[in-house]
$ cat model_1.cif   # mmCIF, C-alpha atoms
data_start
loop_
_atom_site.label_atom_id
_atom_site.label_comp_id
_atom_site.auth_asym_id
_atom_site.auth_seq_id
_atom_site.Cartn_x
_atom_site.Cartn_y
_atom_site.Cartn_z
CA SER A 709 0.00 0.00 0.00
CA GLN A 710 1.09 3.57 -0.55
CA GLN A 711 0.64 4.42 3.09
CA GLY A 712 3.01 1.61 4.02
CA ASN A 713 5.59 2.91 1.57
CA SER A 714 5.17 6.43 2.90
CA GLU A 715 5.69 5.26 6.46
CA GLY A 716 8.72 3.23 5.37
CA SER A 717 10.28 6.21 3.65
CA GLN A 718 9.70 8.32 6.78
CA GLN A 719 11.51 5.83 9.04
CA PRO A 720 15.11 6.89 8.18
CA ARG A 721 14.11 10.55 8.54
CA ARG A 722 12.57 9.82 11.96
CA VAL A 723 15.68 7.95 13.09
CA LEU A 724 17.92 10.84 12.02
CA LYS A 725 15.68 13.35 13.80
CA ASN A 726 15.75 11.23 16.97
CA LEU A 727 19.53 10.85 16.66
CA SER A 728 19.87 14.62 16.35
CA ARG A 729 17.78 15.14 19.50
CA SER A 730 19.66 12.44 21.38
CA LEU A 731 23.06 13.88 20.43
CA SER A 732 21.95 17.39 21.41
CA ARG A 733 20.51 16.22 24.77
CA GLY A 734 23.59 14.17 25.52
CA LEU A 735 25.90 17.04 24.59
CA SER A 736 23.96 19.47 26.77
CA GLY A 737 24.20 17.13 29.74
CA ILE A 738 27.91 16.48 29.27
CA LEU A 739 28.70 20.16 28.75
CA SER A 740 26.69 21.11 31.85
CA SER A 741 28.40 18.53 34.04
CA SER A 742 31.81 19.62 32.70
CA ASN A 743 31.08 23.29 33.43
CA LEU A 744 31.43 24.05 29.73
CA GLN A 745 29.07 26.40 27.88
CA ALA A 746 25.81 24.52 27.43
CA ASN A 747 23.01 27.07 27.03
CA ARG A 748 22.11 25.57 23.68
CA VAL A 749 24.06 23.16 21.55
CA ASP A 750 24.71 24.62 18.10
CA PRO A 751 24.18 21.68 15.72
CA ASP A 752 26.81 23.17 13.38
CA GLU A 753 29.48 23.44 16.09
CA SER A 754 32.26 20.89 15.79
CA PHE A 755 32.25 18.21 18.48
CA LEU A 756 35.96 18.89 18.95
CA ASN A 757 35.50 22.67 19.24
CA LEU A 758 33.08 22.18 22.13
CA GLY A 759 35.99 21.29 24.41
CA LEU A 760 34.96 17.66 24.81
CA THR A 761 37.48 15.10 25.98
CA SER A 762 37.68 11.56 24.63
CA LEU A 763 35.89 10.44 27.80
CA ASP A 764 33.09 12.95 27.05
CA LEU A 765 32.74 11.56 23.52
CA PHE A 766 32.64 8.02 24.90
CA SER A 767 29.95 9.08 27.39
CA LEU A 768 27.97 10.64 24.55
CA SER A 769 28.16 7.43 22.52
CA VAL A 770 26.95 5.46 25.57
CA PHE A 771 24.08 7.94 26.03
CA VAL A 772 23.00 7.50 22.38
CA ARG A 773 23.24 3.71 22.64
CA GLU A 774 21.17 3.63 25.84
CA SER A 775 18.57 6.17 24.69
CA MET A 776 18.16 4.96 21.10
CA GLY A 777 19.74 1.53 20.85
CA VAL A 778 22.15 2.89 18.22
CA VAL A 779 25.79 1.86 18.50
CA ILE A 780 28.22 4.61 17.49
CA GLU A 781 31.62 3.59 16.16
CA ASP A 782 34.75 4.95 17.85
CA SER A 783 35.54 7.22 14.88
CA PHE A 784 31.97 8.62 14.58
CA PHE A 785 32.72 12.03 16.11
CA PHE A 786 35.79 12.46 13.90
CA ASP A 787 34.06 11.21 10.73
CA TYR A 788 30.96 13.35 11.32
CA GLY A 789 32.19 16.56 12.92
CA THR A 790 28.84 18.11 13.95
CA VAL A 791 25.32 17.09 14.91
CA ASN A 792 24.02 18.37 11.56
CA ILE A 793 26.62 16.49 9.52
CA ALA A 794 26.01 13.32 11.52
CA THR A 795 22.26 13.47 10.95
CA LYS A 796 22.20 14.73 7.36
CA GLU A 797 20.07 12.67 4.99
#
$ encode --input "model_1.cif" --output "structure tokens"
Amino acid sequence: SQQGNSEGSQQPRRVLKNLSRSLSRGLSGILSSSNLQANRVDPDESFLNLGLTSLDLFSLSVFVRESMGVVIEDSFFFDYGTVNIATKE
């Protein structure tokens, strides 16, 4: 059915939107607990420019895995430098 196809084509978009939210929430929490600027995470700001340590990036990957069930590879934050790049269609 067309509705089934429409829902199927929306699934990747929904996953990317949820990943974007999860990354932003996780970043805000990590930045807050690290006393780094965390008023609002700019989705175009480089993960590395945010002042995150490798432990912070590991914590963020654990947060995404636990909140979404998505496993992030070790090189993810280097391969996809920002939230927007990581969640681009």
$ residues_around --input "model_1.cif" --residues "Lys725 in chain A" --least-positions-apart "5" --cutoff "9 Å" --atoms "all atoms listed in the file" --output "CSV table (one decimal) with C-alpha atoms, in the frame of the given file"
chain,number,residue,atom,x,y,z
A,720,PRO,CA,15.1,6.9,8.2
A,730,SER,CA,19.7,12.4,21.4
A,795,THR,CA,22.3,13.5,11.0
$ residues_near_point --input "model_1.cif" --point "(31.0, 2.8, 21.7)" --cutoff "12 Å" --atoms "only C-alpha atoms" --output "VMD selection string"
chain A and resid 762 to 774 777 to 785
$ resolve_selection --input "model_1.cif" --expression "the PyMOL selection byres ((chain A and resi 752) around 9)" --output "PDB file with C-alpha atoms, keeping the file's coordinate frame"
ATOM      1  CA  VAL A 749      24.060  23.160  21.550  1.00  0.00           C
ATOM      2  CA  ASP A 750      24.710  24.620  18.100  1.00  0.00           C
ATOM      3  CA  PRO A 751      24.180  21.680  15.720  1.00  0.00           C
ATOM      4  CA  GLU A 753      29.480  23.440  16.090  1.00  0.00           C
ATOM      5  CA  SER A 754      32.260  20.890  15.790  1.00  0.00           C
ATOM      6  CA  PHE A 755      32.250  18.210  18.480  1.00  0.00           C
ATOM      7  CA  GLY A 789      32.190  16.560  12.920  1.00  0.00           C
ATOM      8  CA  THR A 790      28.840  18.110  13.950  1.00  0.00           C
ATOM      9  CA  VAL A 791      25.320  17.090  14.910  1.00  0.00           C
ATOM     10  CA  ASN A 792      24.020  18.370  11.560  1.00  0.00           C
ATOM     11  CA  ILE A 793      26.620  16.490   9.520  1.00  0.00           C
TER      12      ILE A 793
END
$ atom_distance --input "model_1.cif" --atom1 "CA of Leu739 in chain A" --atom2 "CA of Arg721 in chain A"
26.7 Å
$ atom_distance --input "model_1.cif" --atom1 "CA of Tyr788 in chain A" --atom2 "CA of Leu731 in chain A"
12.1 Å
$ closest_residue --input "model_1.cif" --among "A:Ala794, A:Leu760, A:Met776, A:Leu727" --to "Ser742 in chain A" --atoms "only C-alpha atoms"
A:Leu760
$ atom_distance --input "model_1.cif" --atom1 "CA of Gln719 in chain A" --atom2 "CA of Gly737 in chain A"
26.8 Å
$ axis_aligned_box --input "model_1.cif" --around "range 731-735 of chain A" --padding-each-side "8 Å" --output "AutoDock Vina command-line options"
--center_x 23.2 --center_y 15.6 --center_z 23.0 --size_x 21.4 --size_y 19.5 --size_z 21.1
$ decode --input "model_1.cif" --residues "range 724-737 of chain A" --atoms "all heavy atoms" --output "compact mmCIF listing (two decimals), in the first residue's frame"
# COMPACT_ATOMS: atom_id res chain seq x y z
N LEU A 724 16.95 9.75 12.04
CA LEU A 724 17.92 10.84 12.02
C LEU A 724 17.48 11.98 12.93
O LEU A 724 18.31 12.57 13.65
CB LEU A 724 18.14 11.36 10.60
CG LEU A 724 18.89 10.41 9.68
CD1 LEU A 724 18.93 10.96 8.25
CD2 LEU A 724 20.30 10.16 10.18
N LYS A 725 16.18 12.29 12.93
CA LYS A 725 15.68 13.35 13.80
C LYS A 725 15.86 12.96 15.27
O LYS A 725 16.28 13.77 16.09
CB LYS A 725 14.20 13.61 13.49
CG LYS A 725 13.64 14.82 14.17
CD LYS A 725 12.24 15.11 13.68
CE LYS A 725 11.73 16.41 14.23
NZ LYS A 725 10.42 16.76 13.71
N ASN A 726 15.57 11.70 15.59
CA ASN A 726 15.75 11.23 16.97
C ASN A 726 17.22 11.21 17.35
O ASN A 726 17.57 11.53 18.48
CB ASN A 726 15.13 9.84 17.14
CG ASN A 726 13.62 9.87 17.13
OD1 ASN A 726 13.01 10.91 17.33
ND2 ASN A 726 13.02 8.73 16.87
N LEU A 727 18.09 10.85 16.40
CA LEU A 727 19.53 10.85 16.66
C LEU A 727 20.00 12.28 16.93
O LEU A 727 20.77 12.52 17.85
CB LEU A 727 20.30 10.24 15.50
CG LEU A 727 21.83 10.25 15.63
CD1 LEU A 727 22.28 9.50 16.88
CD2 LEU A 727 22.46 9.66 14.38
N SER A 728 19.51 13.22 16.15
CA SER A 728 19.87 14.62 16.35
C SER A 728 19.47 15.09 17.74
O SER A 728 20.26 15.71 18.46
CB SER A 728 19.19 15.49 15.29
OG SER A 728 19.47 16.85 15.50
N ARG A 729 18.25 14.76 18.15
CA ARG A 729 17.78 15.14 19.50
C ARG A 729 18.62 14.47 20.58
O ARG A 729 18.97 15.09 21.58
CB ARG A 729 16.31 14.74 19.67
CG ARG A 729 15.36 15.65 18.98
CD ARG A 729 13.94 15.28 19.36
NE ARG A 729 13.02 15.83 18.39
CZ ARG A 729 11.96 15.22 17.92
NH1 ARG A 729 11.65 14.01 18.34
NH2 ARG A 729 11.19 15.80 17.05
N SER A 730 18.90 13.19 20.38
CA SER A 730 19.66 12.44 21.38
C SER A 730 21.07 13.00 21.51
O SER A 730 21.57 13.18 22.63
CB SER A 730 19.69 10.97 20.98
OG SER A 730 20.30 10.20 21.99
N LEU A 731 21.72 13.29 20.38
CA LEU A 731 23.06 13.88 20.43
C LEU A 731 23.03 15.23 21.13
O LEU A 731 23.88 15.52 21.97
CB LEU A 731 23.63 14.03 19.02
CG LEU A 731 24.12 12.76 18.33
CD1 LEU A 731 24.40 13.03 16.86
CD2 LEU A 731 25.36 12.22 19.02
N SER A 732 22.05 16.06 20.80
CA SER A 732 21.95 17.39 21.41
C SER A 732 21.70 17.30 22.92
O SER A 732 22.32 18.01 23.71
CB SER A 732 20.85 18.20 20.74
OG SER A 732 21.20 18.50 19.41
N ARG A 733 20.78 16.40 23.33
CA ARG A 733 20.51 16.22 24.77
C ARG A 733 21.73 15.71 25.49
O ARG A 733 22.08 16.19 26.57
CB ARG A 733 19.35 15.24 24.97
CG ARG A 733 17.98 15.87 24.95
CD ARG A 733 16.92 14.96 25.54
NE ARG A 733 17.06 13.55 25.21
CZ ARG A 733 16.46 12.93 24.20
NH1 ARG A 733 15.68 13.58 23.39
NH2 ARG A 733 16.64 11.65 24.00
N GLY A 734 22.39 14.72 24.90
CA GLY A 734 23.59 14.17 25.52
C GLY A 734 24.69 15.20 25.63
O GLY A 734 25.35 15.31 26.66
N LEU A 735 24.89 15.98 24.57
CA LEU A 735 25.90 17.04 24.59
C LEU A 735 25.59 18.08 25.66
O LEU A 735 26.48 18.49 26.40
CB LEU A 735 26.00 17.72 23.23
CG LEU A 735 26.80 16.99 22.16
CD1 LEU A 735 26.59 17.65 20.81
CD2 LEU A 735 28.27 16.96 22.53
N SER A 736 24.34 18.48 25.75
CA SER A 736 23.96 19.47 26.77
C SER A 736 24.26 18.97 28.17
O SER A 736 24.79 19.70 29.00
CB SER A 736 22.47 19.81 26.66
OG SER A 736 22.22 20.54 25.48
N GLY A 737 23.93 17.71 28.42
CA GLY A 737 24.20 17.13 29.74
C GLY A 737 25.68 17.04 30.04
O GLY A 737 26.12 17.38 31.15
